[in-house]
Amino acid sequence: DRTEAPIDEQGRVRLRFATDWRAQAEHGGFYQALATGAYEKRGLNVQIVQGGPGVNVPQLLATGSVELGMGSNSFIPLNLVAEGAPVKAVAAFFQKDPQVLIAHPDEALTGIADLAGRPFLLADASITAFWVWLKAKYGFTDDQVRKYTFNPAPFIADERAVQQGYLTSEPYSIEQAAGFEPRVFLLADEGYPSYATMVLAPNAFARDNAAALRSFIAASAEGWRDYIHGDASAADALIRRDNPDMTQDVLTQAREKLRVNGIVDGGDAALYGLGAMTNERWQAFFDVTAQAGVYPPNLNWRDAFTTQYLPGRG
Amino acid sequence: MTRALPPLLLTAVLLIVWEIACRALAVPSYFLPPPSAVAEALVERAPVLAASAAQTFRMAFQALLLAGSLGGGLAVLVSLSRRAERAVAPLAVTLQVTPVVAIAPLVLIWVGLDNADLAVVILAAAVAFFPLFSGVLTGLKSADPDLERLFDLYGATPLQRLWRLRIPSALPFVLEGLRVAVGLAVIGAVVAEFVSGSGATQGLAWRLLEAGNRLRTAELLAALVWLAVMGLALNAAVAAVEGWVRRRSGLGAR
Amino acid sequence: MTRALPPLLLTAVLLIVWEIACRALAVPSYFLPPPSAVAEALVERAPVLAASAAQTFRMAFQALLLAGSLGGGLAVLVSLSRRAERAVAPLAVTLQVTPVVAIAPLVLIWVGLDNADLAVVILAAAVAFFPLFSGVLTGLKSADPDLERLFDLYGATPLQRLWRLRIPSALPFVLEGLRVAVGLAVIGAVVAEFVSGSGATQGLAWRLLEAGNRLRTAELLAALVWLAVMGLALNAAVAAVEGWVRRRSGLGAR
Amino acid sequence: MADTAAALSHVCVHFPGKALGPIDLAVAAGEIVTLVGASGAGKSTTLRLLAGLERPSQGTLTRAAGPGRTGFVFQSPTLMPWADAAANVALPLELSGLARDAARQRAVQALADVGLGDRSDARPNQLSGGMAMRVSLARALVTAPDLLLLDEPFAALDSVTRRRLIEDIHRLWAARAAPPAIVFVTHDVEEAVYLAHRVVVLSSASGRVTADLPCPGLLPRPDGWRTEADYRAAVEAVAGALEAAMGEAR
Amino acid sequence: MADTAAALSHVCVHFPGKALGPIDLAVAAGEIVTLVGASGAGKSTTLRLLAGLERPSQGTLTRAAGPGRTGFVFQSPTLMPWADAAANVALPLELSGLARDAARQRAVQALADVGLGDRSDARPNQLSGGMAMRVSLARALVTAPDLLLLDEPFAALDSVTRRRLIEDIHRLWAARAAPPAIVFVTHDVEEAVYLAHRVVVLSSASGRVTADLPCPGLLPRPDGWRTEADYRAAVEAVAGALEAAMGEAR
Ligand SMILES: Nc1ncnc2c1ncn2[C@@H]1O[C@H](COP(=O)(O)OP(=O)(O)OP(=O)(O)O)[C@@H](O)[C@H]1O
Ligand SMILES: Nc1ncnc2c1ncn2[C@@H]1O[C@H](COP(=O)(O)OP(=O)(O)OP(=O)(O)O)[C@@H](O)[C@H]1O
Ligand SMILES: [Mg+2]
Ligand SMILES: [Mg+2]
C-alpha cells in the first residue's frame with residue numbers, strides 16, 4: 001500500500017520533520033528555509049517538531065508519527081538497518097560531525113591519544129556512537145565513562161576530566177562561565193567519518209513521495225546556504241521563538257563556527273553540493289565500526305542510505 | 001504565624017550559612033551560586049519561570065488526578081477479592097520499577113507527537129501511581145476486625161462494606177499515600193517532560209536543562225525553588241485535607 | 001503454590017494477548033517485540049543481564065539502607081519536637097521534588113568523578129528518602145492516645161516513649177513507607193545510573209541505554225524484566241517482614 | 001418445645017494455647033437465656049459462635065435468623081469512630097436498605113430509648129464508657145431482630161439506668177407478636193435470674209455447660225418480684241452452680 | 001486530718017457541647033474513696049483530672065504523688081497490643097528503671113495475684129474482656145503506687161473473682177506502712193460502701209459532688225461484715241443519694 005503525504009488546504013504537501021534536540025543553530029538551515037519561504041515556494045508545508053533527550057526519531061519515523069526525521073550521526077541509519085527497520089538517510093547536511101572532545105587547557109596535550117586513562121563525561125547516546133570509534137582507535141575503555149547530563153560543571157570541577165560537546169555549543173558556554181578557553185578536539189579532524197544532521201525517511205514514504213522529498217532536500221540545501229552565508233536573522237528569530245532559552249550570542253558564535261570549520265559546505269559538499277553523501281564515506285564508517293564489533297561484518301550497510309533524492313540526481 | 005516560624009527560621013539559617021560559605025570559599029557561581037544570586041535569578045526570570053511552573057503544575061495536578069483515580073480505583077476493585085489483589089499487585093510493582101525513560105518513547109508514539117503534554121501527564125501519573133494504589137489497598141485492609149464482623153453480621157454487601165467501613169478506615173493510609181504521591185507527581189511531571197517533551201512542552205524541565213547546559217546554575221536553582229514551592233503547596237493542601245478528615249472523624253488535632 | 005497462581009495466570013494471559021497482537025498486527029520488533037523475542041533475549045543475554053542486575057541491586061540495596069537510616073533517623077529525631085518537625089518537613093518535601101538529574105552534577109562534583117558509584121547510591125537514596133521519612137513520622141504520631149496518657153502518667157522519658165510506644169505503633173506506616181521505598185530505590189538506582197553512573201559498573205541502566213540506542217527493543221524489555229523481578233523480590237521481602245510483625249504483634253494474618 | 005432460634009451442638013473452638021468446648025446449647029425462638037461463668041470461661045466466644053462470627057473447629061451451628069436479623073452487642077462498644085452516635089445506630093437500618101433520613105430518624109428514637117436522646121450528634125470519643133455501650137445497645141435493638149446476643153450490655157451502667165433498660169427490653173420483647181430469642185451475658189447473678197427464662201452456667205475450665213437452671217415466674221417481671229422467695233431461691237441456686245463451676249477450674 | 005494525696009478545687013472542664021464542674025474533691029493520704037454517679041456523670045473525667053491526664057479548663061489540681069507513683073486503670077483495658085500480658089504489666093517497672101528480667105519476674109507475680117498466672121505469655125487479643133481488665137489492674141498495682149485511681153476495675157468480672165480481688169487490694173493496702181490513697185469508680189452501690197472509707201456521689205447533670213457519705217467500720221472488712229446493720233444502712237443512704245443525684249438531671 002502507498003503512503004502518500006497529506007495535502008493541506010492550499011494544496012501543499014504536509015511534512016513533519018522531527019529534529020534531534022531543541023531549536024538551535026545546528027538546525028539553522030531548516031529554519032532558514034522555513035523563514036524565507038523556500039519550502040513553501042516548492043509546494044511544501046513543513047512543520048519542524050523539536051526533539052529532546054527522550055525523543056526517539058527512528059521510532060517516530062517507524063510509526064508514521066512524522067514523515068521525516070533528523071539523524072544525528074551515521075550510527076543511526078546503520079542501527080536501523082541492523083534491526084530491519086525500513087528507514088534510510090537521504091541527505092547529510094553536516095559533512096563533518098561537529099562532535100568534539102573538550103579538555104582543560106594543557107600545553108602538553110597534543111592530541112586525543114594523550115587523553116588515555118582520564119574520566120570521560122559522555123551522554124547516553126554517545127556511548128553507543130562515537131565512543132565506540134574512540135575506543136577502537138585510541139584503546140580507551142568503558143570504565144573511563146562518566147555520565148554527561150548536559151551540565152558541564154563536573155567537567156570544570158576536575159582538571160583531568162574530558163567531556164563531549166558540540167563544536168557550536170559547549171566550548172562557548174564553558175568559556176563564558178568558567179573563564180578559561182578549553183582544549184577542543186573536533187573528532188572529524190581526527191578522521192571520525194560520521195555524517196551529521198542527516199535527513200531520514202522511511203523507504204515507503206520516500207518511494208511514494210519522491211518529488212516532495214527532492215523538493216524538501218533542495219529547499220533545505222538552499223536554507224543552509226543562506227543560513228551560513230546570508231542573513232540569518234529570520235531563522236534565528238524562529239529558533240528563539242521555538243526555544244526561548246536560546247540567546248542570540250550563542251546562535252551567532254555557533255553559526256560562525258559552522259562556517260569557519262566548513263561543517264556544512266566542506267568535504268564532499270564542496271564537490272557535489274550541500275547534503276551530499278558518498279559510498280566511500282559510508283563504507284569507511286561501516287568498516288571502522290564493524291571492526292569494533294558494533295555490527296556484523298555481513299551487514300548490508302548500503303541499505304542505510306540513498307543518494308537518489310539529492311539535487312542533480314535521479 | 002507561629003506555625004510558619006520554625007521552617008522559616010531554619011530556612012533562613014541555612015541560607016545565611018550558604019551565602020557566607022559561598023563568599024568565604026569563593027565558590028564559582030556555576031558550581032554553587034550564593035542564595036542572593038538565586039534570588040536575583042528568581043526576580044529576573046520571574047515571568048518565564050512562573051509560566052513554566054504553571055505548566056508543570058498543571059501537568060502534575062492532572063497526573064495526580066489520573067493516578068489517584070486509576071490507583072485508588074484499581075485498589076478498591078482488587079480489595080474486593082484476595083485473588084484479584086494477588087494477580088494485580090505484581091503488575092503494580094512492575095509499573096513502579098519501570099523507568100519513565102524506558103517507556104516514554106512508547107507512550108509518546110501511542111498518544112501521538114502532537115499530544116506531548118498528554119504523554120507527560122500519563123508518564124507522571126505512572127510515577128505517582130504506586131503510593132496511591134498501595135496506600136489505598138493497605139488502608140482498605142486496616143479496618144477494625146470487630147467492625148468487619150459487625151458488617152458480616154448485618155449481611156452488608158461488598159459495596160456497603162467498602163463505602164461505609166473500609167474507605168473511612170483507609171483514610172490515614174490514603175493520606176499518607178497522597179503525601180508521597182504529590183511529590184512524585186511533581187517530580188514525575190518534570191522527568192516526563194525531560195524524556196518526552198518535544199519542544200512543545202514548556203515546563204520547568206527545559207528551564208532546568210537549558211540552565212544546566214549553559215552553566216547558569218543560579219537559574220537552575222531558581223527553577224528548583226519553584227519546584228519546591230509547588231511541592232510545599234500541594235503538601236499543605238494534603239495537610240488541610242488531613243485536618244478536615246481528623247476533625248470529621250473526631251480524632252482531634254495532633 | 002495457590003498463592004502464586006493468580007499473578008502467574010494473569011501474567012500468562014497478558015503475555016499471550018501481547019504475543020498474538022504482535023503477530024496479528026505484524027508490529028515491527030524494534031517497535032514492540034513479542035514476548036517470545038523478549039524471552040529469547042533473556043536467555044541469550046542472561047550472563048550480561050544478570051551481572052548488570054546484580055550491580056543495580058547492590059546499589060539499590062545500599063540506597064535503601066542509606067535512605068532508611070537517614071529518613072527513619074531524621075523522622076525519629078524530629079518526632080520528639082513539633083517545632084523541629086515543622087522546620088524540617090518542608091526541607092524533606094523540597095528534597096522529594098528535586099529532580100535527580102538537576103542535582104546529579106553537584107553530587108558528582110562533591111564525591112568526585114572517581115566515585116561515581118557513590119554518587120549513584122546517594123542519588124538513589126535521595127529518591128527513596130521521602131516515603132520512609134514521612135511513613136516513620138506519620139507512624140510515630142499514630143499511637144493510641146490513651147497509651148500516650150499512660151506513658152505520661154508513668155513519667156516515661158522521651159526515649160522510653162519512643163522505643164516502647166511510638167516505634168511499635170508506627171510499624172504499619174513504616175512498612176507502607178518501606179513498600180513504596182523499595183520500588184523507588186530500584187528505580188532510583190537506575191535513574192541515578194543514567195545521570196551519574198560510570199562505565200566501570202555497568203548496571204541495568206547501561207543495558208537499557210545500549211539496547212535503546214541500538215533499537216534492540218527485546219533486549220530493553222529483557223532488562224525491564226530483570227528490574228521487575230528485583231522489585232518483586234524486594235516487595236516479597238517487605239511482605240515477609242510484615243507477616244512477621246503481624247504475628248509478633250498478635251494481629252493475625254489478613 | 002418451640003422452634004430453635006440458634007443452637008450449638010458439640011462445638012469446640014481451638015485457640016492457640018486454649019481449647020473450649022465441646023459446647024451444647026440450644027436457644028428456642030422467643031426464649032431469653034443468660035450465660036454466666038467465670039472471667040475467661042468462654043461466654044463471649046459462645047455468643048460469637050451463636051452469631052456465626054467465630055468458626056467452630058468442630059461441631060455445628062444451627063441458626064434460624066436470616067441475614068441482618070441478628071442483633072449483637074460486643075463486650076466493648078465497637079463503634080465507628082468517624083460516625084456520630086445516630087449514624088452508628090442507623091448503620092444496620094441503612095445496610096438493610098432503609099433511606100438515610102428515615103434510618104437516622106429511627107436511630108435518634110432508639111438513642112432516646114436508651115437515655116441518649118440529646119447525644120445523637122456526639123462522636124464515640126466524646127461519649128463516656130457507659131454511653132458508648134448504650135449506643136451499641138441501641139444499634140442492636142433498632143432493627144427489632146429475631147435473635148439478640150448481648151455481651152455484658154449493662155456492665156458499665158449505673159443500677160438505675162440498668163434497671164430501666166432491663167424493663168424496656170422486657171417490654172419490647174413481650175410486645176412483639178413473635179418475640180425475639182435473647183441471650184445475655186452477665187456477671188450479676190441476681191440480674192441473670194431476673195432477666196431470663198433460664199440461666200446457663202459455663203465451666204471456667206473448658207467452656208462446657210455445667211448447669212442449666214430454669215428461672216421461676218413470668219416475663220416481664222411484675223413489680224416487687226425481687227422480694228419473692230422463689231426468686232431468691234433461684235439466685236442462690238445459680239450462685240451455687242457458679243461457685244461449683246469455678247471450683248472445677250482449680 | 002492527714003496529708004492530702006490529691007485534690008481538685010473548683011475544677012471545671014469544658015468539652016464541646018458539655019461542661020463539667022465545678023468539682024471539689026480531696027482525697028487524704030491512705031484514704032479509700034469510691035466515686036459513684038450516673039453514666040456520663042463525670043466519674044472517668046474526675047479520675048483523669050486527679051491523675052493529671054486531663055487539663056482543667058478552670059480551677060486547680062494538687063497532687064502529692066511524684067511522677068510514676070500513680071497507678072491508673074482506664075475504663076477500657078488500654079494494653080499495648082504488641083506486648084504479652086507480662087510485658088504490659090512490667091511496663092511501669094521498666095519505665096522506672098528496673099531491669100527487664102527483674103521487671104518481668106515481678107510482673108508475672110502480679111499477674112498471678114489477679115488470677116492470671118498461667119496467661120502471662122498471652123497477647124491482649126488472646127484474652128477475654130475480664131482477663132484484659134485484670135492485666136490492666138495488675139499493671140496499676142505492680143509498682144505499689146502512692147495513689148491508685150481505678151475506673152470500674154471489676155465491672156467485667158464475675159462476682160467470685162471480684163470479691164477475691166477486693167480482699168486482696170484491702171490486704172495490700174493495710175500491709176503497707178504508708179497505705180496508698182485509692183479512688184474507685186463503681187456502679188455497684190454495695191461494693192461502693194464495702195470498698196471505701198467514704199462514698200462520693202456525682203450529679204449526673206453537672207459532675208458536681210452532691211453527696212459525700214462516710215462508710216462505717218474498719219478496713220479491711222471483717223468476715224460477715226456484709227450482714228451488719230450499719231453496712232445495710234450506709235448502702236441505703238448511698239442508693240438514696242444516687243437516685244437523688246440522678247433525679248437532678250431530669
Ligand atoms: N472528649 C470529650 N468530648 C466531649 N465530651 C466529652 C469528652 N469526654 C467526656 N465527655 C462528656 O463528659 C461527660 C462525662 O464523661 P465521663 O467519661 O467522665 O463519664 P462517666 O461518669 O465516667 O460515665 P460512665 O459511667 O458512662 O463511664 C459525658 O457526658 C461525656 O459525654
Ligand atoms: N483469639 C484468641 N486467641 C487465643 N485465646 C483466646 C482468643 N479468644 C479467646 N481466647 C481465650 O478463650 C477463653 C474464653 O474467652 P472469652 O472471651 O469467651 O471469655 P469470657 O467468658 O467472655 O470472659 P470475660 O468474662 O472475661 O469476658 C479465654 O481463656 C481466652 O483467653
Ligand atoms: Mg467476655
Ligand atoms: Mg466512665
# chains A, B, ... in the order shown; residues from 1 in each chain; ligands from 1
call {"tool": "residues_near_ligand", "arguments": {"ligand": "ligand 1", "cutoff": "8 Å", "atoms": "only C-alpha atoms and all ligand atoms", "output": "ChimeraX atom specification"}}
result
/D:119,122,125-132,156-158 /E:15-20,36-47,75,151,187,204,207
call {"tool": "residues_around", "arguments": {"residues": "Pro67 of chain D", "least_positions_apart": "3", "cutoff": "8 Å", "atoms": "only C-alpha atoms", "output": "list of chain:residue names"}}
result
B:Leu153, B:Tyr154, B:Gly155, D:Thr70
call {"tool": "closest_residue", "arguments": {"among": "B:Ala156, B:Ile109, B:Pro145, B:Val174", "to": "ligand 2", "atoms": "only C-alpha atoms and all ligand atoms"}}
result
B:Pro145
call {"tool": "interface_residues", "arguments": {"of": "chain C", "to": "chain A", "cutoff": "6 Å", "atoms": "only C-alpha atoms", "output": "list of chain:residue names"}}
result
C:Pro105, C:Ile109, C:Val195, C:Ser196, C:Gly197, C:Ser198, C:Gly199, C:Ala200, C:Arg214
call {"tool": "residues_around", "arguments": {"residues": "segment 79-86 of chain C", "least_positions_apart": "4", "cutoff": "8 Å", "atoms": "only C-alpha atoms", "output": "list in words"}}
result
Arg3, Ala4, Pro6 and Pro7 of chain B; Ala75, Pro90, Leu137, Leu140, Lys141 and Pro158 of chain C
call {"tool": "write_last_selection", "arguments": {"atoms": "all heavy atoms", "output": "compact mmCIF listing (two decimals), in the first residue's frame"}}
result
# COMPACT_ATOMS: atom_id res chain seq x y z
N ARG B 3 3.11 28.98 63.46
CA ARG B 3 3.28 27.69 62.82
C ARG B 3 4.34 27.76 61.73
O ARG B 3 5.06 26.82 61.47
CB ARG B 3 1.97 27.25 62.16
CG ARG B 3 0.96 26.70 63.12
CD ARG B 3 -0.27 26.27 62.32
NE ARG B 3 0.08 25.17 61.44
CZ ARG B 3 -0.08 23.90 61.75
NH1 ARG B 3 -0.60 23.58 62.91
NH2 ARG B 3 0.25 22.95 60.92
N ALA B 4 4.36 28.92 61.04
CA ALA B 4 5.27 29.08 59.91
C ALA B 4 6.67 29.46 60.37
O ALA B 4 7.62 29.41 59.59
CB ALA B 4 4.72 30.13 58.95
N PRO B 6 9.04 28.14 62.63
CA PRO B 6 10.21 27.23 62.62
C PRO B 6 10.78 26.96 61.24
O PRO B 6 12.00 27.07 61.05
CB PRO B 6 9.66 25.96 63.27
CG PRO B 6 8.48 26.40 64.05
CD PRO B 6 7.90 27.56 63.33
N PRO B 7 9.93 26.61 60.23
CA PRO B 7 10.54 26.36 58.92
C PRO B 7 11.22 27.60 58.36
O PRO B 7 12.31 27.51 57.77
CB PRO B 7 9.36 25.92 58.04
CG PRO B 7 8.14 26.35 58.78
CD PRO B 7 8.49 26.35 60.22
N ALA C 75 13.29 11.26 60.97
CA ALA C 75 11.88 11.27 61.38
C ALA C 75 11.79 11.05 62.88
O ALA C 75 11.03 11.73 63.58
CB ALA C 75 11.10 10.21 60.63
N PRO C 90 9.39 20.78 55.53
CA PRO C 90 9.47 21.42 54.20
C PRO C 90 10.76 21.08 53.46
O PRO C 90 10.76 20.96 52.23
CB PRO C 90 9.43 22.91 54.54
CG PRO C 90 8.79 23.00 55.87
CD PRO C 90 9.19 21.76 56.60
N LEU C 137 7.41 9.19 60.32
CA LEU C 137 6.87 10.33 61.07
C LEU C 137 5.38 10.17 61.32
O LEU C 137 4.91 10.34 62.46
CB LEU C 137 7.16 11.62 60.28
CG LEU C 137 7.01 12.93 61.04
CD1 LEU C 137 7.83 12.93 62.30
CD2 LEU C 137 7.43 14.09 60.15
N LEU C 140 4.85 7.39 63.86
CA LEU C 140 5.20 7.72 65.25
C LEU C 140 4.11 8.55 65.92
O LEU C 140 3.98 8.56 67.13
CB LEU C 140 6.53 8.50 65.29
CG LEU C 140 7.78 7.69 64.94
CD1 LEU C 140 9.00 8.59 64.88
CD2 LEU C 140 8.00 6.58 65.95
N LYS C 141 3.32 9.24 65.09
CA LYS C 141 2.25 10.06 65.67
C LYS C 141 0.94 9.31 65.74
O LYS C 141 -0.07 9.89 66.11
CB LYS C 141 2.09 11.33 64.83
CG LYS C 141 3.30 12.24 64.93
CD LYS C 141 3.05 13.57 64.28
CE LYS C 141 2.93 13.43 62.79
NZ LYS C 141 2.76 14.73 62.11
N PRO C 158 11.33 10.78 76.98
CA PRO C 158 11.03 10.77 75.54
C PRO C 158 11.59 9.53 74.84
O PRO C 158 10.94 8.96 73.97
CB PRO C 158 11.72 12.04 75.04
CG PRO C 158 11.75 12.94 76.21
CD PRO C 158 11.92 12.05 77.41
call {"tool": "interface_residues", "arguments": {"of": "chain D", "to": "chain B", "cutoff": "6 Å", "atoms": "only C-alpha atoms", "output": "JSON list (two decimals) with C-alpha atoms, in the first residue's frame"}}
result
[["chain", "number", "residue", "atom", "x", "y", "z"],
["D", 67, "PRO", "CA", -29.02, -12.33, 57.41],
["D", 68, "GLY", "CA", -29.35, -8.99, 59.14],
["D", 82, "TRP", "CA", -15.84, 8.60, 62.30],
["D", 95, "LEU", "CA", -27.44, -1.71, 55.43]]
call {"tool": "select_by_dssp", "arguments": {"residues": "segment 46-121 of chain E", "states": "strand (DSSP E or B)", "output": "PyMOL selection string"}}
result
chain E and resi 58-63+70-73
call {"tool": "write_last_selection", "arguments": {"atoms": "N, CA and C atoms", "output": "mmCIF file, in the first residue's frame"}}
result
data_model
loop_
_atom_site.group_PDB
_atom_site.id
_atom_site.type_symbol
_atom_site.label_atom_id
_atom_site.label_comp_id
_atom_site.auth_asym_id
_atom_site.auth_seq_id
_atom_site.Cartn_x
_atom_site.Cartn_y
_atom_site.Cartn_z
ATOM 1 N N GLN E 58 -10.511 25.250 84.260
ATOM 2 C CA GLN E 58 -10.518 26.202 85.360
ATOM 3 C C GLN E 58 -10.203 25.445 86.632
ATOM 4 N N GLY E 59 -9.762 26.157 87.674
ATOM 5 C CA GLY E 59 -9.526 25.505 88.952
ATOM 6 C C GLY E 59 -8.154 24.844 89.015
ATOM 7 N N THR E 60 -7.846 24.258 90.191
ATOM 8 C CA THR E 60 -6.500 23.718 90.356
ATOM 9 C C THR E 60 -6.513 22.286 90.883
ATOM 10 N N LEU E 61 -5.446 21.581 90.518
ATOM 11 C CA LEU E 61 -5.223 20.215 90.988
ATOM 12 C C LEU E 61 -4.002 20.229 91.903
ATOM 13 N N THR E 62 -4.121 19.572 93.056
ATOM 14 C CA THR E 62 -2.957 19.387 93.927
ATOM 15 C C THR E 62 -2.709 17.887 94.002
ATOM 16 N N ARG E 63 -1.456 17.497 93.873
ATOM 17 C CA ARG E 63 -1.181 16.071 93.918
ATOM 18 C C ARG E 63 0.135 15.824 94.649
ATOM 19 N N THR E 70 1.776 7.022 90.589
ATOM 20 C CA THR E 70 0.324 6.889 90.477
ATOM 21 C C THR E 70 0.002 5.650 89.644
ATOM 22 N N GLY E 71 -0.949 4.862 90.126
ATOM 23 C CA GLY E 71 -1.417 3.734 89.321
ATOM 24 C C GLY E 71 -2.792 4.045 88.770
ATOM 25 N N PHE E 72 -3.047 3.670 87.514
ATOM 26 C CA PHE E 72 -4.315 4.042 86.895
ATOM 27 C C PHE E 72 -4.882 2.844 86.153
ATOM 28 N N VAL E 73 -6.173 2.607 86.331
ATOM 29 C CA VAL E 73 -6.861 1.635 85.484
ATOM 30 C C VAL E 73 -7.894 2.392 84.669
#
